[in-house]
>>> print(open('query_38.txt').read())   # compact mmCIF, C-alpha atoms
# COMPACT_ATOMS: atom_id res chain seq x y z
CA MET F 218 0.00 0.00 0.00
CA ILE F 219 2.72 2.38 1.08
CA ARG F 220 4.84 1.24 -1.81
CA GLY F 221 1.94 1.96 -4.15
CA ARG F 222 1.57 5.48 -2.77
CA ARG F 223 5.30 6.06 -3.19
CA ILE F 224 5.07 5.03 -6.80
CA VAL F 225 2.18 7.44 -7.31
CA VAL F 226 4.07 10.29 -5.64
CA THR F 227 7.20 9.48 -7.59
CA SER F 228 5.25 9.34 -10.79
CA VAL F 229 3.65 12.70 -10.09
CA ALA F 230 7.03 14.22 -9.30
CA ALA F 231 8.51 12.67 -12.37
CA GLY F 232 5.63 14.00 -14.41
CA VAL F 233 6.19 17.52 -13.09
CA ALA F 234 9.87 17.27 -13.76
CA LEU F 235 9.19 15.95 -17.23
CA ALA F 236 6.79 18.77 -17.95
CA CYS F 237 9.31 21.35 -16.75
CA SER F 238 12.06 19.73 -18.78
CA ALA F 239 9.83 19.73 -21.79
CA LEU F 240 9.16 23.41 -21.37
CA LEU F 241 12.68 24.46 -20.58
CA ALA F 242 14.82 22.09 -22.59
CA PRO F 243 12.94 19.97 -25.05
CA VAL F 244 16.18 18.74 -26.60
CA ALA F 245 17.09 16.94 -23.38
CA LEU F 246 14.10 14.66 -23.79
CA ALA F 247 15.69 13.21 -26.85
CA VAL F 248 18.52 11.73 -24.72
CA PRO F 249 17.72 8.13 -23.78
CA ARG F 250 17.38 7.51 -20.01
CA THR F 251 20.10 4.83 -19.94
CA GLU F 252 22.58 7.16 -21.60
CA SER F 253 22.02 9.96 -19.06
CA MET F 254 22.45 7.49 -16.18
CA SER F 255 25.68 6.32 -17.70
CA ASP F 256 26.82 9.95 -18.01
CA GLY F 257 26.07 10.44 -14.30
CA LEU F 258 28.12 7.38 -13.40
CA ALA F 259 31.00 8.57 -15.55
CA LEU F 260 30.87 12.01 -13.93
CA LEU F 261 30.97 10.52 -10.44
CA LYS F 262 33.91 8.33 -11.38
CA ALA F 263 35.76 11.29 -12.87
CA ARG F 264 35.16 13.36 -9.75
CA ASP F 265 36.40 10.57 -7.49
CA HIS F 266 39.46 10.04 -9.66
CA LEU F 267 40.31 13.73 -9.23
CA ALA F 268 39.74 13.57 -5.47
CA ILE F 269 42.12 10.61 -5.27
CA GLN F 270 44.65 12.32 -7.51
CA ARG F 271 44.66 15.39 -5.25
CA ARG F 272 45.41 13.19 -2.26
CA LEU F 273 48.18 11.40 -4.14
CA ASP F 274 49.66 14.80 -4.96
CA VAL F 275 49.57 15.77 -1.29
CA LEU F 276 51.30 12.50 -0.35
CA ALA F 277 53.97 13.15 -2.98
CA ALA F 278 54.52 16.67 -1.61
CA LEU F 279 54.77 15.31 1.94
CA THR F 280 57.31 12.73 0.77
CA ARG F 281 59.44 15.51 -0.69
CA ARG F 282 59.04 17.50 2.52
CA VAL F 283 60.14 14.59 4.71
CA ASP F 284 63.06 13.79 2.41
CA ALA F 285 64.22 17.40 2.73
CA ALA F 286 63.84 17.56 6.53
CA ILE F 287 67.43 16.69 7.35
CA HIS F 288 67.01 17.02 11.10
CA LEU F 289 64.23 14.40 11.13
CA ALA F 290 65.10 11.31 13.19
CA ALA F 291 65.74 8.35 10.86
CA SER F 292 63.08 6.16 12.48
CA ASP F 293 60.43 8.90 12.21
CA ARG F 294 61.32 9.49 8.56
CA SER F 295 61.08 5.78 7.83
CA THR F 296 57.69 5.47 9.58
CA LEU F 297 56.23 8.46 7.75
CA LEU F 298 57.46 7.33 4.34
CA SER F 299 56.09 3.85 4.88
CA GLN F 300 52.70 5.30 5.87
CA TYR F 301 52.64 7.47 2.73
CA SER F 302 53.50 4.47 0.61
CA ALA F 303 50.67 2.41 2.11
CA ALA F 304 48.18 5.25 1.62
CA ASP F 305 49.38 5.79 -1.95
CA GLY F 306 48.90 2.13 -2.80
CA GLY F 307 45.52 1.99 -1.11
CA LEU F 308 44.21 5.08 -2.88
CA ARG F 309 45.37 3.81 -6.28
CA ALA F 310 43.65 0.48 -5.68
CA LEU F 311 40.50 2.30 -4.59
CA ASP F 312 40.62 4.38 -7.76
CA GLU F 313 40.79 1.21 -9.86
CA LYS F 314 37.87 -0.25 -7.97
CA ILE F 315 35.78 2.88 -8.45
CA GLN F 316 36.54 3.00 -12.16
CA SER F 317 35.32 -0.58 -12.48
CA ASP F 318 32.15 -0.08 -10.39
CA SER F 319 29.03 -0.58 -12.48
CA THR F 320 26.43 1.24 -10.38
CA VAL F 321 26.06 4.68 -8.87
CA ALA F 322 25.44 3.09 -5.47
CA ALA F 323 28.73 1.20 -5.61
CA VAL F 324 30.64 4.33 -6.62
CA ARG F 325 29.08 6.33 -3.82
CA ALA F 326 30.00 3.66 -1.27
CA ASP F 327 33.62 3.64 -2.44
CA GLN F 328 33.68 7.43 -2.65
CA THR F 329 33.21 7.67 1.12
CA ARG F 330 36.30 5.54 1.60
CA ILE F 331 38.47 8.14 -0.15
CA VAL F 332 38.00 10.24 2.96
CA THR F 333 37.41 7.80 5.81
CA ASP F 334 40.09 5.23 4.98
CA TYR F 335 42.88 7.81 4.72
CA HIS F 336 42.04 11.25 6.16
CA VAL F 337 44.97 12.65 4.21
CA TYR F 338 44.23 16.32 4.88
CA VAL F 339 43.22 16.30 8.52
CA LEU F 340 45.41 13.50 9.87
CA VAL F 341 48.36 12.64 7.63
CA VAL F 342 49.28 16.28 6.91
CA PRO F 343 49.25 17.59 10.51
CA LYS F 344 50.86 14.39 11.80
CA THR F 345 53.77 14.96 9.43
CA HIS F 346 54.34 18.58 10.38
CA ILE F 347 53.98 17.88 14.10
CA VAL F 348 56.67 15.19 13.95
CA ILE F 349 58.93 17.42 11.85
CA ALA F 350 58.47 20.23 14.39
CA ALA F 351 59.15 17.94 17.36
CA ASP F 352 62.38 16.66 15.80
CA ARG F 353 63.37 20.20 14.88
CA ILE F 354 63.00 21.19 18.53
CA SER F 355 65.38 18.34 19.47
CA TYR F 356 67.78 19.65 16.87
CA ILE F 357 67.56 23.22 18.20
CA ALA F 358 68.16 21.87 21.70
CA SER F 359 71.39 20.33 20.41
CA GLU F 360 72.38 23.75 19.07
CA PHE F 361 71.87 25.21 22.54
CA ALA F 362 73.95 22.35 23.96
CA SER F 363 76.84 23.43 21.75
CA LEU F 364 76.57 26.91 23.30
CA VAL F 365 76.93 25.64 26.84
CA SER F 366 80.68 25.11 26.82
CA LYS F 367 81.31 28.47 25.15
CA LEU F 368 79.16 30.41 27.60
CA GLN F 369 80.46 28.54 30.67
CA ALA F 370 84.05 29.21 29.56
CA ALA F 371 83.26 32.89 29.14
CA ILE F 372 81.69 33.03 32.60
CA ASP F 373 84.67 31.22 34.15
CA GLU F 374 87.12 33.61 32.52
CA ALA F 375 85.12 36.61 33.73
CA LYS F 376 85.11 35.12 37.22
CA ALA F 377 88.87 34.64 37.07
CA ASP F 378 89.12 38.31 36.15
CA GLU F 379 87.12 39.02 39.33
CA LYS F 380 84.13 40.36 37.44
CA ASN F 381 80.59 40.03 38.84
CA THR F 382 79.11 37.04 37.03
CA THR F 383 75.96 36.58 39.13
CA ALA F 384 73.53 37.75 36.43
CA ALA F 385 75.34 35.82 33.70
CA GLN F 386 75.40 32.61 35.72
CA LYS F 387 71.70 32.96 36.61
CA ALA F 388 70.71 33.41 32.95
CA PHE F 389 73.02 30.56 31.94
CA ASP F 390 71.44 28.18 34.46
CA ASP F 391 67.97 29.23 33.39
CA MET F 392 68.87 28.65 29.74
CA GLN F 393 69.87 25.07 30.47
CA ALA F 394 66.69 24.45 32.45
CA LYS F 395 64.50 25.88 29.67
CA VAL F 396 66.18 23.78 26.99
CA GLN F 397 65.73 20.70 29.15
CA ASP F 398 62.03 21.57 29.64
CA ALA F 399 61.58 21.91 25.86
CA MET F 400 63.20 18.52 25.32
CA ASN F 401 61.10 16.87 28.01
CA VAL F 402 57.83 18.17 26.61
CA THR F 403 58.55 17.15 23.03
CA ALA F 404 60.32 13.84 23.65
CA GLY F 405 57.17 11.72 23.43
CA ILE F 406 55.43 13.53 20.59
CA PRO F 407 56.52 11.35 17.63
CA GLY F 408 55.66 8.23 19.61
CA ARG F 409 52.16 9.54 20.33
CA VAL F 410 51.39 10.95 16.90
CA LEU F 411 52.95 8.53 14.42
CA PRO F 412 50.69 5.56 15.30
CA LEU F 413 47.48 7.56 14.76
CA GLU F 414 45.31 5.93 12.09
CA ALA F 415 42.49 7.11 9.87
CA SER F 416 40.14 4.58 11.46
CA GLY F 417 40.57 6.40 14.79
CA TYR F 418 39.62 9.80 13.41
CA PRO F 419 38.07 12.08 14.72
CA ASP F 420 38.56 10.64 18.22
CA ASN F 421 42.35 10.81 17.82
CA ARG F 422 42.20 14.47 16.81
CA SER F 423 42.62 15.30 20.51
CA THR F 424 46.06 13.64 20.39
CA LEU F 425 47.03 15.94 17.51
CA LEU F 426 45.80 18.96 19.45
CA GLY F 427 47.64 17.85 22.60
CA ALA F 428 50.87 17.41 20.65
CA ARG F 429 50.39 20.78 19.02
CA SER F 430 49.92 22.35 22.44
CA ASP F 431 53.13 20.69 23.68
CA LEU F 432 54.99 22.12 20.68
CA VAL F 433 53.81 25.61 21.62
CA THR F 434 55.06 25.09 25.18
CA ALA F 435 58.43 23.85 23.92
CA ARG F 436 58.75 26.76 21.50
CA THR F 437 58.08 29.19 24.37
CA ASP F 438 60.81 27.46 26.42
CA LEU F 439 63.27 27.75 23.54
CA ARG F 440 62.47 31.42 23.06
CA ALA F 441 63.13 31.98 26.77
CA ALA F 442 66.41 30.05 26.46
CA ARG F 443 67.38 32.23 23.54
CA ALA F 444 66.66 35.35 25.60
CA ASP F 445 68.85 33.91 28.38
CA VAL F 446 71.76 33.51 25.97
CA VAL F 447 71.45 37.17 25.04
CA LYS F 448 71.45 38.07 28.74
CA VAL F 449 74.64 36.06 29.34
CA ILE F 450 76.37 37.72 26.38
CA GLN F 451 75.26 41.19 27.49
CA ALA F 452 76.30 40.58 31.11
CA LEU F 453 79.79 39.54 30.05
CA SER F 454 80.35 42.08 27.27
CA MET P 933 38.40 42.25 -4.95
CA LYS P 934 36.87 40.12 -2.21
CA GLY P 935 37.11 37.09 -4.46
CA ARG P 936 40.79 37.71 -5.11
CA GLY P 937 41.42 37.95 -1.37
CA LEU P 938 39.72 34.63 -0.74
CA THR P 939 41.71 32.98 -3.51
CA ALA P 940 44.96 34.25 -2.05
CA ALA P 941 43.98 32.99 1.40
CA ALA P 942 43.07 29.57 0.01
CA GLY P 943 46.38 29.44 -1.84
CA LEU P 944 48.30 30.27 1.33
CA ALA P 945 46.41 27.57 3.22
CA LEU P 946 47.36 24.98 0.60
CA VAL P 947 50.97 26.09 0.64
CA CYS P 948 50.99 25.82 4.44
CA LEU P 949 49.33 22.41 4.29
CA LEU P 950 52.18 21.13 2.17
CA GLY P 951 54.76 22.54 4.51
CA ALA P 952 56.03 25.71 2.95
CA CYS P 953 54.84 28.08 5.66
CA GLY P 954 57.44 30.54 6.92
CA THR P 955 61.01 29.94 5.88
CA SER P 956 62.73 26.69 5.19
CA GLY P 957 65.79 27.59 7.31
CA GLN P 958 67.33 24.15 7.51
CA SER P 959 70.82 23.55 8.71
CA ALA P 960 72.86 20.59 7.66
CA SER P 961 75.05 19.87 10.62
CA THR P 962 74.28 17.81 13.72
CA PRO P 963 71.45 15.29 14.12
CA PRO P 964 68.71 15.67 16.80
CA ALA P 965 70.01 15.75 20.36
CA SER P 966 68.92 12.96 22.61
CA THR P 967 70.74 14.10 25.74
CA PRO P 968 70.43 17.29 27.79
CA PRO P 969 72.98 20.10 27.33
CA SER P 970 76.31 19.27 28.97
CA THR P 971 78.14 21.56 31.37
CA GLN P 972 81.66 21.43 29.97
CA THR P 973 83.82 24.34 31.04
CA THR P 974 86.66 24.21 28.56
CA GLY P 975 87.12 26.75 25.79
CA PRO P 976 89.14 29.69 24.42
CA ALA P 977 89.19 33.24 25.76
CA THR P 978 85.99 35.15 26.72
CA GLY P 979 85.84 37.37 23.64
CA GLN P 980 86.18 34.47 21.26
CA ASP P 981 83.62 32.42 23.20
CA LEU P 982 81.07 35.21 23.10
CA SER P 983 81.67 35.87 19.42
CA SER P 984 81.21 32.20 18.66
CA ALA P 985 78.06 32.14 20.84
CA LYS P 986 76.60 35.01 18.80
CA THR P 987 77.19 33.08 15.59
CA SER P 988 75.45 30.01 17.06
CA LEU P 989 72.57 32.25 18.12
CA SER P 990 72.05 33.37 14.51
CA GLN P 991 71.73 29.75 13.45
CA ILE P 992 69.29 29.09 16.28
CA ASP P 993 67.21 32.08 15.12
CA SER P 994 67.06 30.63 11.62
CA ASP P 995 65.93 27.24 12.94
CA MET P 996 63.34 28.86 15.23
CA LYS P 997 61.89 30.57 12.17
CA ALA P 998 61.68 27.24 10.39
CA LEU P 999 59.97 25.82 13.49
CA ASP P 1000 57.32 28.54 13.20
CA GLY P 1001 56.72 27.38 9.63
CA ASP P 1002 56.37 23.73 10.73
CA MET P 1003 53.80 24.71 13.32
CA GLN P 1004 51.80 26.84 10.90
CA SER P 1005 51.69 23.91 8.51
CA ALA P 1006 50.50 21.61 11.30
CA ASP P 1007 47.78 24.11 12.20
CA ALA P 1008 46.66 24.36 8.58
CA GLY P 1009 46.25 20.58 8.52
CA ILE P 1010 44.45 20.30 11.84
CA SER P 1011 41.90 22.92 10.82
CA SER P 1012 41.65 21.87 7.17
CA THR P 1013 38.16 21.89 5.70
CA GLN P 1014 39.21 20.09 2.51
CA GLU P 1015 38.63 16.60 3.80
CA GLY P 1016 34.89 16.08 4.07
CA ASP P 1017 34.03 16.85 0.46
CA VAL P 1018 35.62 14.68 -2.21
CA SER P 1019 35.11 17.46 -4.70
CA LYS P 1020 38.05 19.15 -2.95
>>> encode(input="query_38.txt", output="structure tokens")
Amino acid sequence: MIRGRRIVVTSVAAGVALACSALLAPVALAVPRTESMSDGLALLKARDHLAIQRRLDVLAALTRRVDAAIHLAASDRSTLLSQYSAADGGLRALDEKIQSDSTVAAVRADQTRIVTDYHVYVLVVPKTHIVIAADRISYIASEFASLVSKLQAAIDEAKADEKNTTAAQKAFDDMQAKVQDAMNVTAGIPGRVLPLEASGYPDNRSTLLGARSDLVTARTDLRAARADVVKVIQALS
Amino acid sequence: MKGRGLTAAAGLALVCLLGACGTSGQSASTPPASTPPSTQTTGPATGQDLSSAKTSLSQIDSDMKALDGDMQSADAGISSTQEGDVSK
């Protein structure tokens, strides 16, 4: 009964649409129904192919970025590149599947997977940059470490010359503490972020945000350490 | 005019997404540190030490700038609106 009513309603709607089409674009009526359905399927497939291609382009750009990030820890680089490779292969296979789908419903079902199986934009991209930033902070910390001996030697020499080194020593000690804080807060970031998977999104977005917040804290510590170095230099100059 | 502004903003977002925010300021020397700064006290005379420290500080500034770029790129990804619609 309900099905019968649906058919009636659909028929009425189709009739209205047909009438409008006839008024507005009589030429369109000449196109056989099967041909227009096939056009729709082809359009969907073309759109999905482009969506996949865009994601492959992003993965290629990220690969170049990671290859160029010379301060990146070898294990983090290897993990990221292997994740890109898996996503690249998966997206290409999905593209092939979509292009061979024979119904609109099948294409639409696969289309969803372009997003949900990979989350290239909202997970892979930020994950990459967060890990690069965390490793860069470790690298900057090593640069501060190379300053330690120089600054301590300068303080010791000033002391030997009976100069007041209280302010210089205080800034020097603070610099070391700040650098250590920055290292402590970023040490676990790659380990937390690299394992995040598309299947866990959006729940795992909070991990990205937490890591991002830790990076901000570490950057603030490094800026303070940098200011301390300037204070040491000024106090001894 | 408004349209041009939006296009420029979208372009910047894409550039950031791919990691070209800020400057690239990379340096090709030491690998990431895994230990805290040491407290060695050896070294040449004060003037030379301070001069050398200033040079190191310039390199640190360059790397801090690159760090800003990394973080902007991460932000662009986290807040990306490109994902949900496969037409993007």
>>> residues_around(input="query_38.txt", residues="Tyr335 of chain F", least_positions_apart="5", cutoff="10 Å", atoms="all atoms listed in the file", output="count of residues only")
15
>>> residues_near_point(input="query_38.txt", point="(49.0, 11.7, -0.7)", cutoff="9 Å", atoms="only C-alpha atoms", output="PDB file with C-alpha atoms, in the frame of the given file")
ATOM      1  CA  ILE F 269      42.120  10.610  -5.270  1.00  0.00           C
ATOM      2  CA  GLN F 270      44.650  12.320  -7.510  1.00  0.00           C
ATOM      3  CA  ARG F 271      44.660  15.390  -5.250  1.00  0.00           C
ATOM      4  CA  ARG F 272      45.410  13.190  -2.260  1.00  0.00           C
ATOM      5  CA  LEU F 273      48.180  11.400  -4.140  1.00  0.00           C
ATOM      6  CA  ASP F 274      49.660  14.800  -4.960  1.00  0.00           C
ATOM      7  CA  VAL F 275      49.570  15.770  -1.290  1.00  0.00           C
ATOM      8  CA  LEU F 276      51.300  12.500  -0.350  1.00  0.00           C
ATOM      9  CA  ALA F 277      53.970  13.150  -2.980  1.00  0.00           C
ATOM     10  CA  ALA F 278      54.520  16.670  -1.610  1.00  0.00           C
ATOM     11  CA  LEU F 279      54.770  15.310   1.940  1.00  0.00           C
ATOM     12  CA  THR F 280      57.310  12.730   0.770  1.00  0.00           C
ATOM     13  CA  TYR F 301      52.640   7.470   2.730  1.00  0.00           C
ATOM     14  CA  SER F 302      53.500   4.470   0.610  1.00  0.00           C
ATOM     15  CA  ALA F 304      48.180   5.250   1.620  1.00  0.00           C
ATOM     16  CA  ASP F 305      49.380   5.790  -1.950  1.00  0.00           C
ATOM     17  CA  LEU F 308      44.210   5.080  -2.880  1.00  0.00           C
ATOM     18  CA  VAL F 337      44.970  12.650   4.210  1.00  0.00           C
ATOM     19  CA  TYR F 338      44.230  16.320   4.880  1.00  0.00           C
ATOM     20  CA  VAL F 341      48.360  12.640   7.630  1.00  0.00           C
ATOM     21  CA  VAL F 342      49.280  16.280   6.910  1.00  0.00           C
TER      22      VAL F 342
END
>>> atom_distance(input="query_38.txt", atom1="atom CA of Leu439 of chain F", atom2="atom CA of Thr424 of chain F")
22.5 Å
>>> interface_residues(input="query_38.txt", of="chain F", to="chain P", cutoff="6 Å", atoms="all atoms listed in the file", output="CSV table (one decimal) with C-alpha atoms, in the frame of the given file")
chain,number,residue,atom,x,y,z
F,268,ALA,CA,39.7,13.6,-5.5
F,288,HIS,CA,67.0,17.0,11.1
F,338,TYR,CA,44.2,16.3,4.9
F,339,VAL,CA,43.2,16.3,8.5
F,342,VAL,CA,49.3,16.3,6.9
F,343,PRO,CA,49.2,17.6,10.5
F,346,HIS,CA,54.3,18.6,10.4
F,347,ILE,CA,54.0,17.9,14.1
F,350,ALA,CA,58.5,20.2,14.4
F,355,SER,CA,65.4,18.3,19.5
F,356,TYR,CA,67.8,19.6,16.9
F,359,SER,CA,71.4,20.3,20.4
F,362,ALA,CA,74.0,22.4,24.0
F,364,LEU,CA,76.6,26.9,23.3
F,366,SER,CA,80.7,25.1,26.8
F,367,LYS,CA,81.3,28.5,25.2
F,369,GLN,CA,80.5,28.5,30.7
F,370,ALA,CA,84.0,29.2,29.6
F,371,ALA,CA,83.3,32.9,29.1
F,397,GLN,CA,65.7,20.7,29.2
>>> atom_distance(input="query_38.txt", atom1="atom CA of Arg429 of chain F", atom2="atom CA of Asn401 of chain F")
14.5 Å
>>> atom_distance(input="query_38.txt", atom1="atom CA of Leu298 of chain F", atom2="atom CA of Lys314 of chain F")
24.3 Å
